[in-house]
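> Sharing target_7.txt, compact mmCIF, C-alpha atoms:
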```txt
# COMPACT_ATOMS: atom_id res chain seq x y z
CA MET A 1 136.60 -93.29 19.11
CA ASP A 2 139.66 -92.42 21.21
CA GLU A 3 141.57 -91.13 18.15
CA PRO A 4 139.56 -87.92 17.54
CA LYS A 5 139.55 -87.09 21.24
CA HIS A 6 143.32 -87.46 21.38
CA SER A 7 143.87 -85.31 18.28
CA SER A 8 141.67 -82.53 19.65
CA LEU A 9 143.66 -82.57 22.87
CA SER A 10 146.93 -82.34 20.99
CA GLN A 11 145.67 -79.33 19.01
CA GLN A 12 144.45 -77.53 22.12
CA PRO A 13 147.94 -76.49 23.36
CA SER A 14 148.88 -75.10 19.95
CA THR A 15 145.64 -73.07 19.81
CA PHE A 16 146.29 -71.84 23.34
CA PHE A 17 149.83 -70.75 22.51
CA MET A 18 148.75 -69.23 19.21
CA ALA A 19 146.16 -67.10 21.02
CA GLN A 20 148.76 -66.11 23.60
CA ASP A 21 151.33 -65.25 20.93
CA ILE A 22 148.85 -63.12 19.00
CA LEU A 23 147.86 -61.22 22.15
CA ARG A 24 151.54 -60.72 23.11
CA ILE A 25 152.41 -59.45 19.63
CA LEU A 26 149.42 -57.14 19.76
CA ALA A 27 150.39 -55.82 23.21
CA ALA A 28 154.02 -55.30 22.16
CA LEU A 29 153.03 -53.46 18.98
CA LEU A 30 150.48 -51.28 20.73
CA SER A 31 152.92 -50.40 23.52
CA ALA A 32 155.68 -49.62 21.03
CA ALA A 33 153.30 -47.47 18.98
CA SER A 34 152.23 -45.67 22.15
CA ILE A 35 155.86 -44.91 22.95
CA ALA A 36 156.57 -43.69 19.42
CA VAL A 37 153.57 -41.36 19.46
CA MET A 38 154.41 -39.98 22.90
CA VAL A 39 158.14 -39.34 22.46
CA THR A 40 157.72 -37.64 19.09
CA ASN A 41 154.95 -35.39 20.38
CA THR A 42 156.04 -31.81 20.96
CA GLN A 43 154.46 -28.45 20.48
CA THR A 44 155.79 -24.93 20.92
CA VAL A 45 153.44 -21.98 21.38
CA PHE A 46 153.90 -18.33 22.22
CA ILE A 47 151.76 -16.88 25.00
CA PHE A 48 152.17 -13.14 25.45
CA THR A 49 155.56 -13.30 23.68
CA LEU A 50 156.73 -16.06 26.04
CA ARG A 51 157.83 -19.28 24.42
CA PHE A 52 156.14 -22.35 25.90
CA GLU A 53 157.19 -25.85 24.82
CA ALA A 54 155.17 -28.95 25.66
CA HIS A 55 157.02 -32.26 25.63
CA PHE A 56 156.48 -35.53 27.50
CA TYR A 57 159.94 -35.33 29.08
CA TYR A 58 158.94 -32.33 31.19
CA GLN A 59 156.35 -34.34 33.11
CA PRO A 60 157.47 -37.23 35.40
CA THR A 61 154.15 -39.05 35.05
CA LEU A 62 154.49 -39.13 31.27
CA LYS A 63 158.08 -40.39 31.63
CA PHE A 64 156.74 -43.21 33.82
CA PHE A 65 154.06 -43.91 31.21
CA VAL A 66 156.71 -44.26 28.49
CA ALA A 67 158.93 -46.41 30.72
CA ALA A 68 156.04 -48.73 31.62
CA ASN A 69 155.15 -49.19 27.96
CA GLY A 70 158.82 -49.81 27.15
CA VAL A 71 159.10 -52.54 29.76
CA VAL A 72 155.89 -54.16 28.52
CA ALA A 73 156.97 -54.06 24.87
CA ALA A 74 160.43 -55.48 25.63
CA LEU A 75 159.24 -58.23 27.97
CA SER A 76 156.43 -59.18 25.59
CA LEU A 77 158.98 -59.77 22.85
CA LEU A 78 161.27 -61.63 25.24
CA THR A 79 158.40 -63.89 26.29
CA LEU A 80 157.53 -64.55 22.65
CA ILE A 81 161.12 -65.62 21.98
CA LEU A 82 161.10 -67.81 25.09
CA ASN A 83 157.87 -69.45 23.91
CA LEU A 84 159.48 -70.25 20.56
CA LEU A 85 162.62 -71.66 22.20
CA LEU A 86 160.60 -74.02 24.37
CA LYS A 87 158.98 -75.40 21.19
CA ARG A 88 155.49 -75.51 22.66
CA GLN A 89 156.47 -78.13 25.27
CA PRO A 90 156.92 -76.02 28.39
CA SER A 91 156.80 -77.38 31.91
CA ARG A 92 153.90 -76.75 34.25
CA GLY A 93 156.02 -74.25 36.15
CA TYR A 94 156.46 -72.24 32.98
CA HIS A 95 152.68 -71.78 32.73
CA PHE A 96 152.68 -70.38 36.25
CA PHE A 97 155.57 -68.08 35.31
CA LEU A 98 153.56 -66.84 32.32
CA PHE A 99 150.58 -66.16 34.56
CA LEU A 100 152.70 -64.12 36.99
CA HIS A 101 154.38 -62.31 34.08
CA ASP A 102 151.02 -61.45 32.50
CA LEU A 103 149.65 -60.26 35.81
CA ALA A 104 152.69 -58.05 36.47
CA MET A 105 152.55 -56.55 32.96
CA THR A 106 148.81 -55.89 33.32
CA VAL A 107 149.36 -54.05 36.60
CA LEU A 108 152.32 -52.09 35.20
CA LEU A 109 150.31 -51.01 32.15
CA ILE A 110 147.31 -49.87 34.15
CA ALA A 111 149.61 -47.93 36.52
CA GLY A 112 151.20 -46.11 33.57
CA CYS A 113 147.80 -45.49 31.98
CA ALA A 114 146.38 -44.18 35.26
CA ALA A 115 149.30 -41.78 35.73
CA ALA A 116 149.01 -40.44 32.18
CA THR A 117 145.22 -40.19 32.46
CA ALA A 118 145.48 -38.21 35.70
CA ILE A 119 147.97 -35.70 34.32
CA GLY A 120 145.96 -35.48 31.09
CA TYR A 121 142.87 -34.63 33.10
CA VAL A 122 144.74 -31.87 34.91
CA GLY A 123 146.09 -30.61 31.59
CA GLN A 124 142.59 -30.54 30.11
CA PHE A 125 140.62 -29.14 33.05
CA GLY A 126 143.20 -27.82 35.53
CA GLU A 127 142.84 -28.08 39.30
CA GLU A 128 141.02 -25.11 40.73
CA HIS A 129 141.79 -25.80 44.40
CA VAL A 130 145.57 -25.57 43.97
CA GLY A 131 145.57 -22.96 41.22
CA TRP A 132 146.67 -25.16 38.30
CA GLN A 133 145.36 -23.80 35.06
CA PRO A 134 144.44 -26.04 32.11
CA ILE A 135 147.04 -26.00 29.33
CA CYS A 136 145.25 -27.98 26.64
CA ASP A 137 143.47 -24.87 25.42
CA HIS A 138 146.93 -23.55 24.46
CA VAL A 139 148.58 -26.76 23.17
CA HIS A 140 145.71 -28.53 21.41
CA LYS A 141 147.91 -30.71 19.18
CA PHE A 142 150.05 -31.89 22.08
CA CYS A 143 147.03 -32.92 24.16
CA ARG A 144 145.27 -34.69 21.28
CA THR A 145 148.41 -36.62 20.37
CA ASN A 146 148.89 -37.62 24.02
CA LEU A 147 145.32 -38.93 23.99
CA VAL A 148 146.15 -41.13 20.97
CA SER A 149 149.19 -42.51 22.80
CA LEU A 150 147.10 -43.14 25.88
CA LEU A 151 144.43 -44.99 23.92
CA LEU A 152 147.04 -47.23 22.30
CA SER A 153 148.38 -48.07 25.74
CA TYR A 154 144.89 -48.85 27.06
CA PHE A 155 144.39 -51.25 24.14
CA SER A 156 147.69 -52.89 25.10
CA PHE A 157 146.36 -53.16 28.65
CA PHE A 158 143.24 -54.93 27.39
CA ALA A 159 145.40 -57.40 25.46
CA TYR A 160 147.38 -58.19 28.62
CA PHE A 161 144.18 -58.37 30.64
CA ALA A 162 142.92 -61.00 28.19
CA LEU A 163 146.24 -62.86 28.60
CA THR A 164 145.82 -62.74 32.37
CA LEU A 165 142.36 -64.25 32.05
CA LEU A 166 143.61 -66.88 29.59
CA SER A 167 146.69 -67.99 31.55
CA PRO A 168 144.96 -69.81 34.43
CA PHE A 169 143.65 -72.41 31.98
CA LYS A 170 147.17 -73.84 31.71
CA CYS A 171 148.52 -73.05 35.18
CA PRO A 172 149.42 -75.86 37.60
CA PHE A 173 146.84 -74.62 40.08
CA SER A 174 143.97 -75.20 37.65
CA SER A 175 141.61 -77.96 38.68
CA SER A 176 141.47 -79.77 35.33
CA PRO A 177 142.46 -83.44 35.56
CA LYS A 178 145.60 -84.65 33.82
CA ASN A 179 145.30 -87.03 30.88
```
Translate the structure described by the file into structure tokens.


Amino acid sequence: MDEPKHSSLSQQPSTFFMAQDILRILAALLSAASIAVMVTNTQTVFIFTLRFEAHFYYQPTLKFFVAANGVVAALSLLTLILNLLLKRQPSRGYHFFLFLHDLAMTVLLIAGCAAATAIGYVGQFGEEHVGWQPICDHVHKFCRTNLVSLLLSYFSFFAYFALTLLSPFKCPFSSSPKN
């Protein structure tokens, strides 16, 4: 009777880490794809014989968005490697470290997404009170491609949000009794 209970407990950590690894891989891939879409996005248009070029590098908020996704992608891969090196036998402190890491990455991603969403809104609709005109009616391709990049990053955020919700189940501050 004790044998099946023990075997289910021994499989639980591997299922937990497998779910975490899949979510980390997903977040890293989505963030990397978001970066690739954003940095390759450029459009040049002529308005009244004036050349106008739209590129992410001209907007500080979009540079922050790319940097945030870069940090998330890199640290997700680093955490995956660290998980493999610990051979699924990490200490209780490591679980707390993972929770803090996941929380920090979640906050960083939503900050980058919020910045890009705000500037995208201004690009789409302008800001009448300060005289900013919308530009997306001139650079349709650029704005649509930025939206794709932004959606990829939001999906990466949701993966890290799920990791943040999953992490407390293995943290030292959880109330589950030790066996």

> As an exercise, work out the distance from CA of Thr164 (chain A) to CA of Phe64 (chain A) in Å and give it to one decimal place.

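Between these atoms lies a distance of 22.4 Å.
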
> At most 9 Å is the cut-off: for each residue in region 52-117 of chain A with any atom that close to an atom of region 16-26 of chain A, write down the nearest atom pair and the distance in Å rounded to one decimal, counting only C-alpha atoms, chain first then increasing number, as a tab-separated table.


```
residue	atom	partner	partner_atom	distance
A:Ala73	CA	A:Arg24	CA	8.8
A:Ser76	CA	A:Arg24	CA	5.7
A:Leu77	CA	A:Ile25	CA	7.3
A:Thr79	CA	A:Arg24	CA	8.2
A:Leu80	CA	A:Asp21	CA	6.5
A:Asn83	CA	A:Phe17	CA	8.3
A:Arg88	CA	A:Phe17	CA	7.4
```

> Would you save the residues of that selection, restricted to C-alpha atoms, as a short mmCIF file (atom, residue, chain, number, x, y, z; two decimals), keeping the file's coordinate frame?


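What follows is the written file part35.cif:
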```cif
data_model
loop_
_atom_site.label_atom_id
_atom_site.label_comp_id
_atom_site.auth_asym_id
_atom_site.auth_seq_id
_atom_site.Cartn_x
_atom_site.Cartn_y
_atom_site.Cartn_z
CA ALA A 73 156.97 -54.06 24.87
CA SER A 76 156.43 -59.18 25.59
CA LEU A 77 158.98 -59.77 22.85
CA THR A 79 158.40 -63.89 26.29
CA LEU A 80 157.53 -64.55 22.65
CA ASN A 83 157.87 -69.45 23.91
CA ARG A 88 155.49 -75.51 22.66
#
```

> Around all listed atoms of region 101-118 of chain A, padded 3 Å per side, what centre and edge lengths does the axis-aligned box have in Å to one decimal, as lines of an AutoDock Vina configuration file?


```
center_x = 149.8
center_y = -50.3
center_z = 34.3
size_x = 15.2
size_y = 30.1
size_z = 10.6
```

> With distances taken over all atoms listed in the file, which of A:Val66, A:Leu152, A:Met38, A:Val72 is nearest to Leu103 (chain A)?

A:Val72

> List every protein, DNA or RNA residue that has at least one atom no more than 8 Å from (146.9, -65.6, 34.2) in the file's coordinates, counting all atoms listed in the file, and write the result as a list in words.

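Output of the proximity query reads Phe96, Leu98, Phe99, Leu100, Asp102, Leu103, Leu163, Thr164, Leu165, Leu166, Ser167, Pro168, Phe169 and Cys171 of chain A.
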
> List every protein, DNA or RNA residue with an atom no more than 10 Å from (154.9, -40.5, 19.7) in the file's coordinates, counting only C-alpha atoms, and format the result as a tab-separated table (two decimals) with C-alpha atoms, keeping the file's coordinate frame.


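Done, and the output landed in out_25.tsv:
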```tsv
chain	number	residue	atom	x	y	z
A	32	ALA	CA	155.68	-49.62	21.03
A	33	ALA	CA	153.30	-47.47	18.98
A	34	SER	CA	152.23	-45.67	22.15
A	35	ILE	CA	155.86	-44.91	22.95
A	36	ALA	CA	156.57	-43.69	19.42
A	37	VAL	CA	153.57	-41.36	19.46
A	38	MET	CA	154.41	-39.98	22.90
A	39	VAL	CA	158.14	-39.34	22.46
A	40	THR	CA	157.72	-37.64	19.09
A	41	ASN	CA	154.95	-35.39	20.38
A	42	THR	CA	156.04	-31.81	20.96
A	56	PHE	CA	156.48	-35.53	27.50
A	66	VAL	CA	156.71	-44.26	28.49
A	145	THR	CA	148.41	-36.62	20.37
A	146	ASN	CA	148.89	-37.62	24.02
A	148	VAL	CA	146.15	-41.13	20.97
A	149	SER	CA	149.19	-42.51	22.80
```

> Take CA of His129 (chain A) and CA of Ala54 (chain A) and report the distance between them in Å, one decimal.

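CA of Ala54 (chain A) lies at a distance of 23.2 Å from CA of His129 (chain A).
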
> Using Å and a single decimal, report how far CA of His55 (chain A) sits from CA of Val122 (chain A).

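Taking CA of Val122 (chain A) as the start and CA of His55 (chain A) as the end point, the length is 15.4 Å.
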
> Find the residues around Val45 (chain A) up to 10 Å (only C-alpha atoms counted), leave out those fewer than 4 positions away in its own chain, and share them as a ChimeraX atom specification.

/A:49-54,138-139

> Pick the closest to His140 (chain A) from A:Leu82, A:Ala27, A:Val107, A:Gln43: which is it, counting all atoms listed in the file?

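Of all the options, A:Gln43 lies closest to His140 (chain A).
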
> With all atoms listed in the file as the atoms that count, which of A:Thr44, A:Thr61, A:Thr117, A:Ser31 lies nearest to Ala159 (chain A)?

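Closest candidate: A:Ser31.
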
> Identify which of the residues A:Ser156, A:Ser14, A:Gln124, A:Thr106 lies closest to Leu84 (chain A), counting only C-alpha atoms when measuring atom-to-atom distances.

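Closest to Leu84 (chain A), using only C-alpha atoms: A:Ser14.
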